[in-house]
Amino acid sequence: MFKNYLFSSVSQIFFSFFIVLFFISSVVLLISIASITLVVKMNFMDLMLVFLYLLPGTVFFIIPITFFAACILGLSRLSYDYELLVFFSLGVSPRKILFYFIPTTLLISVVLLAFSLALIPLSKSAYSDFIAEKRTKVDVNIRAGDLGQKLGDWLVYIDSAKDNEYGGLVLFSGVDLGQESFVVAQKGRVENLEGVFKLSLDSGDAYFAKNNELHKVNFENMIIQSEVKKINLSSYDLVAYWKSAFEGKKSQARRFAQAIMTSFFPLASIFLIPLFGIANPRFQKNLSYVYILGSVTLYFVLVHILSENIPFLGMVLLPVVWFFGGYYLFKKKILKVY
């Protein structure tokens, strides 16, 4: 009975927090996705697909923080409604309350490990391949009157646009054609000929700068062609992806350490749940929100510091020290009193 009552209290808070944080993160993701559409054309289904690719990385951080906060606030609400004291008087001990949380905490940590070590790398790879494939189709979205737009290796400004036909073009590139190039044309068209990017320009002038010399060419028709970079859409090797973390690649070692430390946060913090959630409402103020904010901030600041400096030692040291530190405080502050 008490177990069902406890998890009912926790689940109400968990889903409320999760929905709010999920909504906020979704809005942020959609705003970031909107910047992609400035270069690559996408329909509604494409946008939803990109959203799904980016979602696991966001949910990965929402789950442990929401679970930790919901467990503490659920216990805290029972404490300050005097319901937890009633259960204590009926023989329910803090150890028993802690025992109820262990299976769920283990499950959350396992799910987070699956997210961090498999799902997130796979979704990032799928996202990169999807964007690269879109670019190879030259299905670009060049807008009239906007500055800083790119078409291949060219910076482009246009006066008008309809489908893949443009009017009043101004192009600049310091890479393509092997020299700095500045082109002005009245009209232009974009085509993708089996992997070859083709830009056809009509009635304009071209300026080429090389070796401190400037050459001008008047043209009626100009065609600029370059091969679109081919992409590899083969299956993703997770072992090879994480293996580089142990071969001296610092950025990958940092990612691996952050994945492990974040995944074990719920399990390492299990003793903090009754420590912050159980209280005597007659003698203690409700500071559960302060405890949650402080402990989450401290843990993830340490995650950042240790992953940057001692990733492999840190990913073992932090969860272990955090776990036994929580046990010591739980034993001293809760077990001796209740």
# chains A, B, ... in the order shown; residues from 1 in each chain; ligands from 1
>>> residues_around(residues="Pro274 of chain A", least_positions_apart="4", cutoff="8 Å", atoms="only C-alpha atoms", output="MDAnalysis selection string")
chainID A and resid 72 75 94 97:98 270 278 330 334
>>> write_last_selection(atoms="C-alpha atoms", output="mmCIF file, in the first residue's frame")
data_model
loop_
_atom_site.group_PDB
_atom_site.id
_atom_site.type_symbol
_atom_site.label_atom_id
_atom_site.label_comp_id
_atom_site.auth_asym_id
_atom_site.auth_seq_id
_atom_site.Cartn_x
_atom_site.Cartn_y
_atom_site.Cartn_z
ATOM 1 C CA ILE A 72 12.751 14.321 -3.418
ATOM 2 C CA LEU A 75 8.865 12.540 -0.299
ATOM 3 C CA PRO A 94 13.743 5.119 5.968
ATOM 4 C CA ILE A 97 11.636 3.784 1.651
ATOM 5 C CA LEU A 98 15.130 3.707 0.162
ATOM 6 C CA ILE A 270 19.993 7.487 -4.322
ATOM 7 C CA ILE A 278 12.439 13.158 4.710
ATOM 8 C CA PHE A 330 21.883 9.602 5.111
ATOM 9 C CA ILE A 334 18.190 10.270 8.790
#
>>> closest_atom_pairs(of="segment 64-121 of chain A", to="segment 239-254 of chain A", cutoff="10 Å", atoms="only C-alpha atoms", output="JSON lines")
{"residue": "A:Leu117", "atom": "CA", "partner": "A:Trp242", "partner_atom": "CA", "distance": 8.2}
{"residue": "A:Ala118", "atom": "CA", "partner": "A:Val239", "partner_atom": "CA", "distance": 9.7}
{"residue": "A:Pro121", "atom": "CA", "partner": "A:Tyr241", "partner_atom": "CA", "distance": 8.2}
>>> write_last_selection(atoms="N, CA and C atoms", output="PDB file, in the first residue's frame")
ATOM      1  N   LEU A 117      25.430   5.850 -24.748  1.00  0.00           N
ATOM      2  CA  LEU A 117      26.434   5.046 -25.441  1.00  0.00           C
ATOM      3  C   LEU A 117      25.976   4.539 -26.811  1.00  0.00           C
ATOM      4  N   ALA A 118      24.674   4.549 -27.061  1.00  0.00           N
ATOM      5  CA  ALA A 118      24.191   4.014 -28.338  1.00  0.00           C
ATOM      6  C   ALA A 118      23.258   4.973 -29.071  1.00  0.00           C
ATOM      7  N   PRO A 121      24.818   8.716 -30.116  1.00  0.00           N
ATOM      8  CA  PRO A 121      25.740   8.684 -31.265  1.00  0.00           C
ATOM      9  C   PRO A 121      25.060   8.298 -32.570  1.00  0.00           C
TER      10      PRO A 121
END
>>> closest_residue(among="A:Met261, A:Met48, A:Ala206, A:Leu275", to="Tyr299 of chain A", atoms="only C-alpha atoms")
A:Met261
>>> residues_around(residues="Leu107 of chain A", least_positions_apart="2", cutoff="12 Å", atoms="only C-alpha atoms", output="PyMOL selection string")
chain A and resi 63-64+67+101-105+109-114+263-264+266-267
>>> residues_around(residues="segment 179-187 of chain A", least_positions_apart="5", cutoff="9 Å", atoms="only C-alpha atoms", output="NGL selection string")
:A and (165-174 or 200-210 or 219)
>>> write_last_selection(atoms="C-alpha atoms", output="PDB file, in the first residue's frame")
ATOM      1  CA  GLU A 165      16.204  30.424 -60.998  1.00  0.00           C
ATOM      2  CA  TYR A 166      17.599  33.706 -59.676  1.00  0.00           C
ATOM      3  CA  GLY A 167      17.908  37.301 -60.814  1.00  0.00           C
ATOM      4  CA  GLY A 168      20.477  39.966 -59.971  1.00  0.00           C
ATOM      5  CA  LEU A 169      23.204  37.654 -58.609  1.00  0.00           C
ATOM      6  CA  VAL A 170      26.369  38.690 -56.820  1.00  0.00           C
ATOM      7  CA  LEU A 171      28.815  35.883 -55.937  1.00  0.00           C
ATOM      8  CA  PHE A 172      32.133  35.740 -54.150  1.00  0.00           C
ATOM      9  CA  SER A 173      34.479  32.837 -53.394  1.00  0.00           C
ATOM     10  CA  GLY A 174      38.050  32.557 -52.191  1.00  0.00           C
ATOM     11  CA  SER A 200      24.613  28.690 -65.035  1.00  0.00           C
ATOM     12  CA  LEU A 201      24.971  32.486 -65.208  1.00  0.00           C
ATOM     13  CA  ASP A 202      23.813  34.859 -67.949  1.00  0.00           C
ATOM     14  CA  SER A 203      24.959  38.389 -68.881  1.00  0.00           C
ATOM     15  CA  GLY A 204      27.496  39.545 -66.351  1.00  0.00           C
ATOM     16  CA  ASP A 205      31.036  40.374 -65.320  1.00  0.00           C
ATOM     17  CA  ALA A 206      33.611  38.258 -63.500  1.00  0.00           C
ATOM     18  CA  TYR A 207      36.631  39.512 -61.568  1.00  0.00           C
ATOM     19  CA  PHE A 208      39.530  37.205 -60.675  1.00  0.00           C
ATOM     20  CA  ALA A 209      42.303  38.182 -58.228  1.00  0.00           C
ATOM     21  CA  LYS A 210      45.543  36.204 -58.101  1.00  0.00           C
ATOM     22  CA  PHE A 219      30.420  37.088 -70.394  1.00  0.00           C
TER      23      PHE A 219
END
>>> select_by_dssp(residues="segment 72-305 of chain A", states="strand (DSSP E or B)", output="VMD selection string")
chain A and resid 140 149 to 151 154 to 157 160 to 162 165 to 173 180 to 193 196 to 210 213 to 227
>>> atom_distance(atom1="atom CA of Ile292 of chain A", atom2="atom CA of Ser89 of chain A")
27.2 Å
>>> decode(residues="segment 305-322 of chain A", atoms="N, CA and C atoms", output="PDB file, in the first residue's frame")
ATOM      1  N   ILE A 305      34.175  19.755 -14.981  1.00  0.00           N
ATOM      2  CA  ILE A 305      35.577  19.954 -14.598  1.00  0.00           C
ATOM      3  C   ILE A 305      36.373  18.664 -14.742  1.00  0.00           C
ATOM      4  N   LEU A 306      35.830  17.573 -14.230  1.00  0.00           N
ATOM      5  CA  LEU A 306      36.565  16.303 -14.266  1.00  0.00           C
ATOM      6  C   LEU A 306      36.677  15.748 -15.679  1.00  0.00           C
ATOM      7  N   SER A 307      35.637  15.892 -16.484  1.00  0.00           N
ATOM      8  CA  SER A 307      35.700  15.379 -17.850  1.00  0.00           C
ATOM      9  C   SER A 307      36.697  16.155 -18.705  1.00  0.00           C
ATOM     10  N   GLU A 308      36.916  17.406 -18.366  1.00  0.00           N
ATOM     11  CA  GLU A 308      37.887  18.209 -19.106  1.00  0.00           C
ATOM     12  C   GLU A 308      39.321  17.892 -18.697  1.00  0.00           C
ATOM     13  N   ASN A 309      39.532  17.516 -17.446  1.00  0.00           N
ATOM     14  CA  ASN A 309      40.893  17.369 -16.930  1.00  0.00           C
ATOM     15  C   ASN A 309      41.316  15.914 -16.703  1.00  0.00           C
ATOM     16  N   ILE A 310      40.481  15.134 -16.023  1.00  0.00           N
ATOM     17  CA  ILE A 310      40.821  13.728 -15.756  1.00  0.00           C
ATOM     18  C   ILE A 310      39.602  12.853 -16.085  1.00  0.00           C
ATOM     19  N   PRO A 311      39.278  12.712 -17.379  1.00  0.00           N
ATOM     20  CA  PRO A 311      38.012  12.054 -17.753  1.00  0.00           C
ATOM     21  C   PRO A 311      37.858  10.629 -17.248  1.00  0.00           C
ATOM     22  N   PHE A 312      38.880   9.776 -17.402  1.00  0.00           N
ATOM     23  CA  PHE A 312      38.729   8.371 -17.044  1.00  0.00           C
ATOM     24  C   PHE A 312      38.752   8.160 -15.528  1.00  0.00           C
ATOM     25  N   LEU A 313      39.600   8.904 -14.832  1.00  0.00           N
ATOM     26  CA  LEU A 313      39.589   8.823 -13.375  1.00  0.00           C
ATOM     27  C   LEU A 313      38.334   9.475 -12.820  1.00  0.00           C
ATOM     28  N   GLY A 314      37.934  10.586 -13.412  1.00  0.00           N
ATOM     29  CA  GLY A 314      36.763  11.317 -12.928  1.00  0.00           C
ATOM     30  C   GLY A 314      35.473  10.550 -13.060  1.00  0.00           C
ATOM     31  N   MET A 315      35.307   9.783 -14.161  1.00  0.00           N
ATOM     32  CA  MET A 315      34.038   9.084 -14.359  1.00  0.00           C
ATOM     33  C   MET A 315      33.859   7.944 -13.358  1.00  0.00           C
ATOM     34  N   VAL A 316      34.946   7.505 -12.712  1.00  0.00           N
ATOM     35  CA  VAL A 316      34.860   6.516 -11.641  1.00  0.00           C
ATOM     36  C   VAL A 316      34.798   7.208 -10.282  1.00  0.00           C
ATOM     37  N   LEU A 317      35.627   8.230 -10.117  1.00  0.00           N
ATOM     38  CA  LEU A 317      35.767   8.893  -8.829  1.00  0.00           C
ATOM     39  C   LEU A 317      34.502   9.630  -8.409  1.00  0.00           C
ATOM     40  N   LEU A 318      33.924  10.411  -9.309  1.00  0.00           N
ATOM     41  CA  LEU A 318      32.768  11.229  -8.934  1.00  0.00           C
ATOM     42  C   LEU A 318      31.562  10.397  -8.506  1.00  0.00           C
ATOM     43  N   PRO A 319      31.062   9.427  -9.297  1.00  0.00           N
ATOM     44  CA  PRO A 319      29.907   8.645  -8.835  1.00  0.00           C
ATOM     45  C   PRO A 319      30.164   7.899  -7.526  1.00  0.00           C
ATOM     46  N   VAL A 320      31.386   7.356  -7.360  1.00  0.00           N
ATOM     47  CA  VAL A 320      31.698   6.596  -6.142  1.00  0.00           C
ATOM     48  C   VAL A 320      31.726   7.519  -4.924  1.00  0.00           C
ATOM     49  N   VAL A 321      32.434   8.634  -5.020  1.00  0.00           N
ATOM     50  CA  VAL A 321      32.508   9.584  -3.896  1.00  0.00           C
ATOM     51  C   VAL A 321      31.132  10.152  -3.595  1.00  0.00           C
ATOM     52  N   TRP A 322      30.371  10.480  -4.631  1.00  0.00           N
ATOM     53  CA  TRP A 322      29.017  11.031  -4.452  1.00  0.00           C
ATOM     54  C   TRP A 322      28.110  10.008  -3.768  1.00  0.00           C
TER      55      TRP A 322
END
